[in-house]
Amino acid sequence: QSNHTKQATSIMSAKFQTPRIVSRAVNEYVLKHGFRESKVAEKLRLATANHESSVMMGDPTEASMFKVLLPAMGAKNIIEVGVYTGYTTLVMADAVGPEGKIVALDVNDDYAKIGKPFWKEAGVDDRIDLRIGPAKDSLQSMVDEVLHDTFDFAFIDADKPGYIEYYELLMKLVRKNGIIAIDNVFWSGDVFDESITDSDTVALRNITQHVKKDDRVDHVMLPFADGVTLVRKK
């Protein structure tokens with residue numbers, strides 16, 4: 001196999017979601033050609049693919065968008081709400097460079113332990129401040145420490161009913177012209193079907209409406225991966 005074929009095969013072996021928003025052909029083309037990841041990131045992604053809950057991992061195209069976006073906006077201070085095995089954490093830590101820091105919040109250290117050796121192998125473990133506990137409490141502590149307007153970028157990919165609370169706390173912590181990225185806003189298409197009313201789906205509809213009505217921000221919903229909304233604090 002050529003190097004290109006091997007790369008395409010490894011990418012295709014770690015598809016986490018059956019595409020429902022775009023055609024399968026578009027999805028597969030993007031997975032093959034639409035981004036380039038480091039060898040260590042690829043290894044962590046494939047290690048995560050073997051886990052029974054691998055669907056929880058962030059989409060690699062989304063992580064690659066952050067890899068492009070963060071250096072372009074000069075981002076150095078990041079908050080990540082929801083870590084899982086830390087694939088997106090690793091990609092962002094690499095993107096912000098040696099002076100960057102990521103405060104990574106998760107309620108469970110078991111999954112993060114999978115990613116930690118890869119963070120170290122990539123040489124970015126010293127850029128990641130992993131805090132285990134309820135994200136709401138961790139964010140509130142940061143607000144109480146008067147860290148207002150000090151973060152450049154935040155990524156929300158955690159328990160869906162908590163999204164609005166996380167968003168409001170992050171609005172205090174993110175600087176003017178900083179970005180909050182909100183993941184899973186399509187929820188595999190469930191948000192489009194009003195007959196689906198489970199708590200996660202309803203919460204994702206609610207955060208979308210909450211952001212749309214928020215005149216403190218500008219936002220755009222991007223129809224790729226599982227749907228991601230980018231919010232700029234005015």
# chains A, B, ... in the order shown; residues from 1 in each chain; ligands from 1
call {"tool": "closest_atom_pairs", "arguments": {"of": "region 74-147 of chain A", "to": "region 165-183 of chain A", "cutoff": "9 Å", "atoms": "only C-alpha atoms", "output": "JSON lines"}}
result
{"residue": "A:Ala75", "atom": "CA", "partner": "A:Gly178", "partner_atom": "CA", "distance": 8.5}
{"residue": "A:Ile78", "atom": "CA", "partner": "A:Val174", "partner_atom": "CA", "distance": 8.9}
{"residue": "A:Ile79", "atom": "CA", "partner": "A:Leu170", "partner_atom": "CA", "distance": 8.5}
{"residue": "A:Val81", "atom": "CA", "partner": "A:Tyr166", "partner_atom": "CA", "distance": 7.9}
{"residue": "A:Ala135", "atom": "CA", "partner": "A:Tyr166", "partner_atom": "CA", "distance": 7.7}
{"residue": "A:Lys136", "atom": "CA", "partner": "A:Tyr166", "partner_atom": "CA", "distance": 6.4}
{"residue": "A:Leu139", "atom": "CA", "partner": "A:Leu169", "partner_atom": "CA", "distance": 6.4}
{"residue": "A:Gln140", "atom": "CA", "partner": "A:Leu169", "partner_atom": "CA", "distance": 6.9}
{"residue": "A:Met142", "atom": "CA", "partner": "A:Leu173", "partner_atom": "CA", "distance": 7.8}
{"residue": "A:Val143", "atom": "CA", "partner": "A:Leu173", "partner_atom": "CA", "distance": 6.7}
{"residue": "A:Val146", "atom": "CA", "partner": "A:Leu173", "partner_atom": "CA", "distance": 8.5}
{"residue": "A:Leu147", "atom": "CA", "partner": "A:Leu173", "partner_atom": "CA", "distance": 6.1}
call {"tool": "write_last_selection", "arguments": {"atoms": "N, CA and C atoms", "output": "PDB file, in the first residue's frame"}}
result
ATOM      1  N   ALA A  75      -4.824  32.384  19.461  1.00  0.00           N
ATOM      2  CA  ALA A  75      -5.332  31.836  20.723  1.00  0.00           C
ATOM      3  C   ALA A  75      -4.228  31.137  21.507  1.00  0.00           C
ATOM      4  N   ILE A  78      -7.164  28.366  26.413  1.00  0.00           N
ATOM      5  CA  ILE A  78      -8.305  27.600  25.934  1.00  0.00           C
ATOM      6  C   ILE A  78      -9.000  26.924  27.115  1.00  0.00           C
ATOM      7  N   ILE A  79     -10.317  26.815  27.019  1.00  0.00           N
ATOM      8  CA  ILE A  79     -11.084  25.974  27.939  1.00  0.00           C
ATOM      9  C   ILE A  79     -11.797  24.911  27.116  1.00  0.00           C
ATOM     10  N   VAL A  81     -14.593  21.934  27.634  1.00  0.00           N
ATOM     11  CA  VAL A  81     -15.586  21.329  28.531  1.00  0.00           C
ATOM     12  C   VAL A  81     -15.982  19.979  27.946  1.00  0.00           C
ATOM     13  N   ALA A 135     -18.080  20.061  35.573  1.00  0.00           N
ATOM     14  CA  ALA A 135     -17.575  21.214  34.820  1.00  0.00           C
ATOM     15  C   ALA A 135     -18.186  22.518  35.319  1.00  0.00           C
ATOM     16  N   LYS A 136     -19.446  22.473  35.721  1.00  0.00           N
ATOM     17  CA  LYS A 136     -20.092  23.687  36.223  1.00  0.00           C
ATOM     18  C   LYS A 136     -19.330  24.235  37.426  1.00  0.00           C
ATOM     19  N   LEU A 139     -15.887  25.675  36.293  1.00  0.00           N
ATOM     20  CA  LEU A 139     -16.046  26.968  35.628  1.00  0.00           C
ATOM     21  C   LEU A 139     -16.413  28.055  36.629  1.00  0.00           C
ATOM     22  N   GLN A 140     -17.285  27.719  37.571  1.00  0.00           N
ATOM     23  CA  GLN A 140     -17.671  28.710  38.577  1.00  0.00           C
ATOM     24  C   GLN A 140     -16.471  29.120  39.417  1.00  0.00           C
ATOM     25  N   MET A 142     -13.425  29.273  38.397  1.00  0.00           N
ATOM     26  CA  MET A 142     -12.639  30.164  37.560  1.00  0.00           C
ATOM     27  C   MET A 142     -13.256  31.554  37.517  1.00  0.00           C
ATOM     28  N   VAL A 143     -14.588  31.613  37.482  1.00  0.00           N
ATOM     29  CA  VAL A 143     -15.267  32.908  37.548  1.00  0.00           C
ATOM     30  C   VAL A 143     -14.979  33.572  38.892  1.00  0.00           C
ATOM     31  N   VAL A 146     -11.916  35.477  39.372  1.00  0.00           N
ATOM     32  CA  VAL A 146     -11.917  36.705  38.568  1.00  0.00           C
ATOM     33  C   VAL A 146     -11.025  36.535  37.330  1.00  0.00           C
ATOM     34  N   LEU A 147     -11.215  35.419  36.665  1.00  0.00           N
ATOM     35  CA  LEU A 147     -10.513  35.183  35.406  1.00  0.00           C
ATOM     36  C   LEU A 147     -11.367  35.638  34.226  1.00  0.00           C
TER      37      LEU A 147
END
call {"tool": "select_by_dssp", "arguments": {"residues": "region 96-152 of chain A", "states": "alpha helix (DSSP H)", "output": "list in words"}}
result
Val96, Asp109, Asp110, Tyr111, Ala112, Lys113, Ile114, Gly115, Lys116, Pro117, Phe118, Trp119, Lys120, Glu121, Ala122, Ala135, Lys136, Asp137, Ser138, Leu139, Gln140, Ser141, Met142, Val143 and Asp144 of chain A
call {"tool": "write_last_selection", "arguments": {"atoms": "N, CA and C atoms", "output": "PDB file, in the first residue's frame"}}
result
ATOM      1  N   VAL A  96      -1.842  25.489  19.731  1.00  0.00           N
ATOM      2  CA  VAL A  96      -1.583  26.741  20.459  1.00  0.00           C
ATOM      3  C   VAL A  96      -0.097  26.966  20.734  1.00  0.00           C
ATOM      4  N   ASP A 109     -11.916  10.669  34.954  1.00  0.00           N
ATOM      5  CA  ASP A 109     -10.499  10.563  34.589  1.00  0.00           C
ATOM      6  C   ASP A 109     -10.189   9.262  33.861  1.00  0.00           C
ATOM      7  N   ASP A 110     -11.102   8.300  33.888  1.00  0.00           N
ATOM      8  CA  ASP A 110     -10.821   6.993  33.302  1.00  0.00           C
ATOM      9  C   ASP A 110     -10.542   7.089  31.812  1.00  0.00           C
ATOM     10  N   TYR A 111     -11.359   7.866  31.094  1.00  0.00           N
ATOM     11  CA  TYR A 111     -11.160   8.004  29.659  1.00  0.00           C
ATOM     12  C   TYR A 111      -9.908   8.821  29.359  1.00  0.00           C
ATOM     13  N   ALA A 112      -9.687   9.875  30.130  1.00  0.00           N
ATOM     14  CA  ALA A 112      -8.520  10.731  29.889  1.00  0.00           C
ATOM     15  C   ALA A 112      -7.221   9.959  30.050  1.00  0.00           C
ATOM     16  N   LYS A 113      -7.232   8.932  30.889  1.00  0.00           N
ATOM     17  CA  LYS A 113      -6.017   8.119  31.072  1.00  0.00           C
ATOM     18  C   LYS A 113      -5.591   7.457  29.776  1.00  0.00           C
ATOM     19  N   ILE A 114      -6.540   7.210  28.893  1.00  0.00           N
ATOM     20  CA  ILE A 114      -6.200   6.635  27.588  1.00  0.00           C
ATOM     21  C   ILE A 114      -5.361   7.625  26.781  1.00  0.00           C
ATOM     22  N   GLY A 115      -5.713   8.895  26.869  1.00  0.00           N
ATOM     23  CA  GLY A 115      -5.038   9.910  26.064  1.00  0.00           C
ATOM     24  C   GLY A 115      -3.739  10.425  26.636  1.00  0.00           C
ATOM     25  N   LYS A 116      -3.576  10.348  27.953  1.00  0.00           N
ATOM     26  CA  LYS A 116      -2.415  10.972  28.583  1.00  0.00           C
ATOM     27  C   LYS A 116      -1.074  10.512  28.013  1.00  0.00           C
ATOM     28  N   PRO A 117      -0.864   9.213  27.766  1.00  0.00           N
ATOM     29  CA  PRO A 117       0.425   8.811  27.171  1.00  0.00           C
ATOM     30  C   PRO A 117       0.667   9.428  25.793  1.00  0.00           C
ATOM     31  N   PHE A 118      -0.405   9.645  25.048  1.00  0.00           N
ATOM     32  CA  PHE A 118      -0.278  10.255  23.723  1.00  0.00           C
ATOM     33  C   PHE A 118       0.007  11.752  23.842  1.00  0.00           C
ATOM     34  N   TRP A 119      -0.587  12.410  24.836  1.00  0.00           N
ATOM     35  CA  TRP A 119      -0.252  13.817  25.093  1.00  0.00           C
ATOM     36  C   TRP A 119       1.245  13.947  25.355  1.00  0.00           C
ATOM     37  N   LYS A 120       1.752  13.020  26.176  1.00  0.00           N
ATOM     38  CA  LYS A 120       3.177  13.060  26.524  1.00  0.00           C
ATOM     39  C   LYS A 120       4.043  12.783  25.305  1.00  0.00           C
ATOM     40  N   GLU A 121       3.647  11.787  24.516  1.00  0.00           N
ATOM     41  CA  GLU A 121       4.406  11.449  23.305  1.00  0.00           C
ATOM     42  C   GLU A 121       4.451  12.627  22.335  1.00  0.00           C
ATOM     43  N   ALA A 122       3.367  13.376  22.274  1.00  0.00           N
ATOM     44  CA  ALA A 122       3.302  14.532  21.372  1.00  0.00           C
ATOM     45  C   ALA A 122       4.034  15.743  21.934  1.00  0.00           C
ATOM     46  N   ALA A 135     -18.080  20.061  35.573  1.00  0.00           N
ATOM     47  CA  ALA A 135     -17.575  21.214  34.820  1.00  0.00           C
ATOM     48  C   ALA A 135     -18.186  22.518  35.319  1.00  0.00           C
ATOM     49  N   LYS A 136     -19.446  22.473  35.721  1.00  0.00           N
ATOM     50  CA  LYS A 136     -20.092  23.687  36.223  1.00  0.00           C
ATOM     51  C   LYS A 136     -19.330  24.235  37.426  1.00  0.00           C
ATOM     52  N   ASP A 137     -18.922  23.340  38.330  1.00  0.00           N
ATOM     53  CA  ASP A 137     -18.189  23.769  39.524  1.00  0.00           C
ATOM     54  C   ASP A 137     -16.819  24.315  39.155  1.00  0.00           C
ATOM     55  N   SER A 138     -16.145  23.647  38.218  1.00  0.00           N
ATOM     56  CA  SER A 138     -14.820  24.108  37.799  1.00  0.00           C
ATOM     57  C   SER A 138     -14.898  25.482  37.142  1.00  0.00           C
ATOM     58  N   LEU A 139     -15.887  25.675  36.293  1.00  0.00           N
ATOM     59  CA  LEU A 139     -16.046  26.968  35.628  1.00  0.00           C
ATOM     60  C   LEU A 139     -16.413  28.055  36.629  1.00  0.00           C
ATOM     61  N   GLN A 140     -17.285  27.719  37.571  1.00  0.00           N
ATOM     62  CA  GLN A 140     -17.671  28.710  38.577  1.00  0.00           C
ATOM     63  C   GLN A 140     -16.471  29.120  39.417  1.00  0.00           C
ATOM     64  N   SER A 141     -15.598  28.158  39.726  1.00  0.00           N
ATOM     65  CA  SER A 141     -14.375  28.484  40.477  1.00  0.00           C
ATOM     66  C   SER A 141     -13.498  29.453  39.697  1.00  0.00           C
ATOM     67  N   MET A 142     -13.425  29.273  38.397  1.00  0.00           N
ATOM     68  CA  MET A 142     -12.639  30.164  37.560  1.00  0.00           C
ATOM     69  C   MET A 142     -13.256  31.554  37.517  1.00  0.00           C
ATOM     70  N   VAL A 143     -14.588  31.613  37.482  1.00  0.00           N
ATOM     71  CA  VAL A 143     -15.267  32.908  37.548  1.00  0.00           C
ATOM     72  C   VAL A 143     -14.979  33.572  38.892  1.00  0.00           C
ATOM     73  N   ASP A 144     -15.034  32.792  39.973  1.00  0.00           N
ATOM     74  CA  ASP A 144     -14.783  33.319  41.315  1.00  0.00           C
ATOM     75  C   ASP A 144     -13.348  33.826  41.477  1.00  0.00           C
TER      76      ASP A 144
END
call {"tool": "closest_residue", "arguments": {"among": "A:Val107, A:Glu145, A:Thr208, A:Asp129", "to": "Val220 (chain A)", "atoms": "only C-alpha atoms"}}
result
A:Thr208
call {"tool": "closest_residue", "arguments": {"among": "A:Pro98, A:Gly123, A:Gly227, A:Gly58", "to": "Val191 (chain A)", "atoms": "only C-alpha atoms"}}
result
A:Gly227
call {"tool": "atom_distance", "arguments": {"atom1": "CA of Val40 (chain A)", "atom2": "CA of Pro60 (chain A)"}}
result
13.1 Å
call {"tool": "select_by_dssp", "arguments": {"residues": "region 18-218 of chain A", "states": "strand (DSSP E)", "output": "CSV table (one decimal) with N, CA, C and O atoms, in the first residue's frame"}}
result
chain,number,residue,atom,x,y,z
A,77,ASN,N,-5.0,30.7,25.3
A,77,ASN,CA,-5.7,30.3,26.5
A,77,ASN,C,-7.0,29.7,26.1
A,77,ASN,O,-7.9,30.4,25.6
A,78,ILE,N,-7.2,28.4,26.4
A,78,ILE,CA,-8.3,27.6,25.9
A,78,ILE,C,-9.0,26.9,27.1
A,78,ILE,O,-8.3,26.5,28.1
A,79,ILE,N,-10.3,26.8,27.0
A,79,ILE,CA,-11.1,26.0,27.9
A,79,ILE,C,-11.8,24.9,27.1
A,79,ILE,O,-12.5,25.2,26.1
A,80,GLU,N,-11.7,23.7,27.5
A,80,GLU,CA,-12.4,22.6,26.9
A,80,GLU,C,-13.3,21.9,27.9
A,80,GLU,O,-12.8,21.5,29.0
A,81,VAL,N,-14.6,21.9,27.6
A,81,VAL,CA,-15.6,21.3,28.5
A,81,VAL,C,-16.0,20.0,27.9
A,81,VAL,O,-16.7,19.9,27.0
A,101,LYS,N,-2.0,27.2,26.8
A,101,LYS,CA,-2.5,26.4,27.9
A,101,LYS,C,-4.0,26.0,27.6
A,101,LYS,O,-4.7,26.9,27.2
A,102,ILE,N,-4.3,24.8,27.9
A,102,ILE,CA,-5.7,24.3,27.8
A,102,ILE,C,-6.1,23.9,29.2
A,102,ILE,O,-5.5,23.0,29.8
A,103,VAL,N,-7.2,24.5,29.7
A,103,VAL,CA,-7.9,24.0,30.9
A,103,VAL,C,-8.9,23.0,30.4
A,103,VAL,O,-9.9,23.4,29.8
A,104,ALA,N,-8.7,21.7,30.7
A,104,ALA,CA,-9.5,20.7,30.2
A,104,ALA,C,-10.3,20.1,31.3
A,104,ALA,O,-9.8,19.6,32.3
A,105,LEU,N,-11.7,20.2,31.2
A,105,LEU,CA,-12.6,19.8,32.2
A,105,LEU,C,-13.3,18.5,31.9
A,105,LEU,O,-13.9,18.4,30.8
A,106,ASP,N,-13.3,17.6,32.8
A,106,ASP,CA,-14.1,16.4,32.6
A,106,ASP,C,-14.5,15.8,34.0
A,106,ASP,O,-13.8,16.0,35.0
A,128,ILE,N,-1.5,21.1,29.1
A,128,ILE,CA,-2.9,20.7,29.4
A,128,ILE,C,-3.1,20.6,30.9
A,128,ILE,O,-2.4,19.8,31.6
A,129,ASP,N,-4.0,21.4,31.4
A,129,ASP,CA,-4.4,21.4,32.8
A,129,ASP,C,-5.7,20.6,33.0
A,129,ASP,O,-6.7,21.2,32.8
A,130,LEU,N,-5.6,19.3,33.2
A,130,LEU,CA,-6.8,18.5,33.3
A,130,LEU,C,-7.4,18.6,34.7
A,130,LEU,O,-6.7,18.4,35.7
A,131,ARG,N,-8.6,19.0,34.8
A,131,ARG,CA,-9.3,19.2,36.1
A,131,ARG,C,-10.5,18.2,36.1
A,131,ARG,O,-11.4,18.4,35.3
A,132,ILE,N,-10.5,17.3,37.1
A,132,ILE,CA,-11.6,16.3,37.1
A,132,ILE,C,-12.6,16.8,38.2
A,132,ILE,O,-12.3,17.1,39.3
A,151,PHE,N,-9.8,34.2,28.4
A,151,PHE,CA,-9.6,33.0,27.5
A,151,PHE,C,-10.0,33.4,26.1
A,151,PHE,O,-10.9,34.2,25.8
A,152,ASP,N,-9.2,32.8,25.2
A,152,ASP,CA,-9.4,33.2,23.8
A,152,ASP,C,-10.5,32.3,23.1
A,152,ASP,O,-11.1,32.7,22.1
A,153,PHE,N,-10.6,31.1,23.6
A,153,PHE,CA,-11.4,30.1,22.9
A,153,PHE,C,-11.9,29.0,23.9
A,153,PHE,O,-11.2,28.7,24.8
A,154,ALA,N,-13.1,28.6,23.7
A,154,ALA,CA,-13.7,27.5,24.5
A,154,ALA,C,-14.5,26.5,23.6
A,154,ALA,O,-15.1,26.9,22.6
A,155,PHE,N,-14.4,25.3,24.0
A,155,PHE,CA,-15.1,24.2,23.3
A,155,PHE,C,-16.0,23.5,24.2
A,155,PHE,O,-15.5,22.9,25.2
A,156,ILE,N,-17.3,23.4,23.9
A,156,ILE,CA,-18.3,22.7,24.7
A,156,ILE,C,-18.6,21.4,24.0
A,156,ILE,O,-19.2,21.4,22.9
A,174,VAL,N,-14.5,34.2,28.5
A,174,VAL,CA,-13.9,34.4,27.2
A,174,VAL,C,-13.8,35.9,26.9
A,174,VAL,O,-14.7,36.6,27.3
A,175,ARG,N,-12.8,36.3,26.3
A,175,ARG,CA,-12.5,37.7,26.0
A,175,ARG,C,-13.4,38.2,24.9
A,175,ARG,O,-14.0,37.4,24.1
A,176,LYS,N,-13.4,39.5,24.7
A,176,LYS,CA,-14.1,40.1,23.5
A,176,LYS,C,-13.4,39.6,22.3
A,176,LYS,O,-12.2,39.5,22.2
A,177,ASN,N,-14.2,39.2,21.3
A,177,ASN,CA,-13.8,38.6,20.1
A,177,ASN,C,-13.3,37.2,20.2
A,177,ASN,O,-12.8,36.6,19.3
A,178,GLY,N,-13.4,36.6,21.4
A,178,GLY,CA,-13.1,35.2,21.6
A,178,GLY,C,-14.2,34.4,21.1
A,178,GLY,O,-15.3,34.8,20.8
A,179,ILE,N,-13.9,33.1,20.9
A,179,ILE,CA,-14.8,32.1,20.3
A,179,ILE,C,-15.2,31.1,21.3
A,179,ILE,O,-14.4,30.5,22.0
A,180,ILE,N,-16.5,30.7,21.3
A,180,ILE,CA,-17.1,29.5,21.9
A,180,ILE,C,-17.6,28.6,20.8
A,180,ILE,O,-18.4,29.0,20.0
A,181,ALA,N,-17.1,27.4,20.8
A,181,ALA,CA,-17.5,26.4,19.8
A,181,ALA,C,-18.4,25.4,20.6
A,181,ALA,O,-18.1,24.9,21.6
A,182,ILE,N,-19.6,25.1,20.0
A,182,ILE,CA,-20.6,24.3,20.6
A,182,ILE,C,-20.8,23.0,19.7
A,182,ILE,O,-21.2,23.2,18.6
A,183,ASP,N,-20.5,21.9,20.3
A,183,ASP,CA,-20.5,20.6,19.5
A,183,ASP,C,-21.9,19.9,19.5
A,183,ASP,O,-22.7,20.2,20.4
A,217,VAL,N,-23.5,38.3,21.1
A,217,VAL,CA,-22.7,37.5,20.3
A,217,VAL,C,-23.1,37.6,18.8
A,217,VAL,O,-24.2,38.0,18.5
A,218,ASP,N,-22.2,37.2,17.9
A,218,ASP,CA,-22.5,36.8,16.6
A,218,ASP,C,-22.2,35.3,16.5
A,218,ASP,O,-21.3,34.8,17.2
call {"tool": "residues_around", "arguments": {"residues": "region 41-47 of chain A", "least_positions_apart": "3", "cutoff": "9 Å", "atoms": "only C-alpha atoms", "output": "number ranges by chain"}}
result
A: 10-11, 13-14, 37-38, 50-51, 57, 60, 85-88, 90-91, 114-115, 118-119, 122
call {"tool": "write_last_selection", "arguments": {"atoms": "N, CA and C atoms", "output": "compact mmCIF listing (two decimals), in the first residue's frame"}}
result
# COMPACT_ATOMS: atom_id res chain seq x y z
N SER A 10 -6.54 4.08 7.46
CA SER A 10 -6.58 4.30 8.91
C SER A 10 -7.66 5.31 9.27
N ILE A 11 -7.86 6.31 8.42
CA ILE A 11 -8.92 7.28 8.67
C ILE A 11 -10.28 6.61 8.58
N SER A 13 -11.05 3.58 9.09
CA SER A 13 -11.29 2.59 10.14
C SER A 13 -11.73 3.24 11.44
N ALA A 14 -11.74 4.56 11.48
CA ALA A 14 -12.11 5.25 12.72
C ALA A 14 -13.22 6.26 12.46
N GLU A 37 -3.49 15.09 9.95
CA GLU A 37 -3.26 15.03 11.39
C GLU A 37 -1.87 14.50 11.68
N SER A 38 -1.38 14.80 12.86
CA SER A 38 -0.07 14.29 13.26
C SER A 38 -0.14 12.79 13.48
N ASN A 50 -11.16 1.81 19.22
CA ASN A 50 -11.31 0.47 19.78
C ASN A 50 -12.13 0.46 21.06
N HIS A 51 -12.44 1.64 21.60
CA HIS A 51 -13.17 1.71 22.86
C HIS A 51 -14.67 1.56 22.61
N MET A 57 -16.04 10.46 20.94
CA MET A 57 -14.89 11.24 20.53
C MET A 57 -15.27 12.33 19.54
N PRO A 60 -12.74 14.17 13.80
CA PRO A 60 -11.40 14.64 13.42
C PRO A 60 -11.41 15.85 12.50
N THR A 85 -11.23 10.95 25.68
CA THR A 85 -9.85 10.45 25.66
C THR A 85 -8.84 11.52 25.28
N GLY A 86 -9.30 12.71 24.96
CA GLY A 86 -8.38 13.81 24.74
C GLY A 86 -7.81 13.94 23.35
N TYR A 87 -8.55 13.43 22.34
CA TYR A 87 -8.09 13.61 20.96
C TYR A 87 -8.11 15.09 20.57
N THR A 88 -9.25 15.72 20.74
CA THR A 88 -9.35 17.14 20.39
C THR A 88 -8.43 17.97 21.28
N LEU A 90 -5.51 17.09 22.43
CA LEU A 90 -4.16 16.96 21.87
C LEU A 90 -3.98 17.87 20.64
N VAL A 91 -4.97 17.83 19.75
CA VAL A 91 -4.86 18.63 18.52
C VAL A 91 -4.81 20.12 18.86
N ILE A 114 -6.54 7.21 28.89
CA ILE A 114 -6.20 6.63 27.59
C ILE A 114 -5.36 7.63 26.78
N GLY A 115 -5.71 8.90 26.87
CA GLY A 115 -5.04 9.91 26.06
C GLY A 115 -3.74 10.42 26.64
N PHE A 118 -0.40 9.64 25.05
CA PHE A 118 -0.28 10.26 23.72
C PHE A 118 0.01 11.75 23.84
N TRP A 119 -0.59 12.41 24.84
CA TRP A 119 -0.25 13.82 25.09
C TRP A 119 1.25 13.95 25.35
N ALA A 122 3.37 13.38 22.27
CA ALA A 122 3.30 14.53 21.37
C ALA A 122 4.03 15.74 21.93
call {"tool": "atom_distance", "arguments": {"atom1": "CA of Asp159 (chain A)", "atom2": "CA of Gly82 (chain A)"}}
result
7.9 Å
call {"tool": "closest_residue", "arguments": {"among": "A:Arg127, A:Leu31, A:Lys233, A:Arg24", "to": "His219 (chain A)", "atoms": "only C-alpha atoms"}}
result
A:Lys233
call {"tool": "closest_residue", "arguments": {"among": "A:Asn184, A:Ile196, A:Ile207, A:Gly133", "to": "Tyr163 (chain A)", "atoms": "only C-alpha atoms"}}
result
A:Ile207
call {"tool": "closest_residue", "arguments": {"among": "A:Asp94, A:Tyr84, A:Asn206, A:Thr61", "to": "Tyr29 (chain A)", "atoms": "only C-alpha atoms"}}
result
A:Thr61
call {"tool": "atom_distance", "arguments": {"atom1": "CA of Val228 (chain A)", "atom2": "CA of Asp198 (chain A)"}}
result
20.0 Å
call {"tool": "residues_around", "arguments": {"residues": "Asp190 (chain A)", "least_positions_apart": "6", "cutoff": "12 Å", "atoms": "only C-alpha atoms", "output": "compact mmCIF listing (two decimals) with N, CA and C atoms, in the first residue's frame"}}
result
# COMPACT_ATOMS: atom_id res chain seq x y z
N ARG A 20 -25.49 11.45 8.37
CA ARG A 20 -26.91 11.66 8.09
C ARG A 20 -27.14 13.07 7.57
N ILE A 21 -26.15 13.94 7.72
CA ILE A 21 -26.31 15.33 7.31
C ILE A 21 -25.81 15.54 5.89
N ASN A 184 -22.12 19.09 18.50
CA ASN A 184 -23.28 18.18 18.44
C ASN A 184 -24.62 18.89 18.29
N ILE A 196 -39.03 13.90 18.53
CA ILE A 196 -37.99 13.38 19.43
C ILE A 196 -37.81 14.38 20.56
N THR A 197 -38.09 13.95 21.79
CA THR A 197 -38.11 14.88 22.92
C THR A 197 -37.32 14.39 24.12
N ASP A 198 -36.31 13.55 23.90
CA ASP A 198 -35.46 13.16 25.02
C ASP A 198 -34.68 14.36 25.52
N SER A 199 -34.13 14.26 26.71
CA SER A 199 -33.50 15.42 27.37
C SER A 199 -32.31 15.97 26.59
N ASP A 200 -31.51 15.10 25.98
CA ASP A 200 -30.35 15.57 25.23
C ASP A 200 -30.77 16.36 24.00
N THR A 201 -31.72 15.82 23.26
CA THR A 201 -32.18 16.49 22.03
C THR A 201 -32.82 17.84 22.36
N VAL A 202 -33.66 17.87 23.37
CA VAL A 202 -34.30 19.11 23.77
C VAL A 202 -33.26 20.13 24.22
N ALA A 203 -32.26 19.68 24.97
CA ALA A 203 -31.21 20.59 25.45
C ALA A 203 -30.44 21.20 24.28
N LEU A 204 -30.20 20.42 23.24
CA LEU A 204 -29.47 20.95 22.09
C LEU A 204 -30.32 21.93 21.29
N ARG A 205 -31.61 21.68 21.19
CA ARG A 205 -32.49 22.69 20.58
C ARG A 205 -32.47 23.97 21.41
N ASP A 226 -21.07 16.63 13.32
CA ASP A 226 -22.41 16.48 13.90
C ASP A 226 -23.03 17.85 14.16
N GLY A 227 -22.59 18.83 13.38
CA GLY A 227 -23.07 20.20 13.56
C GLY A 227 -22.28 20.89 14.66
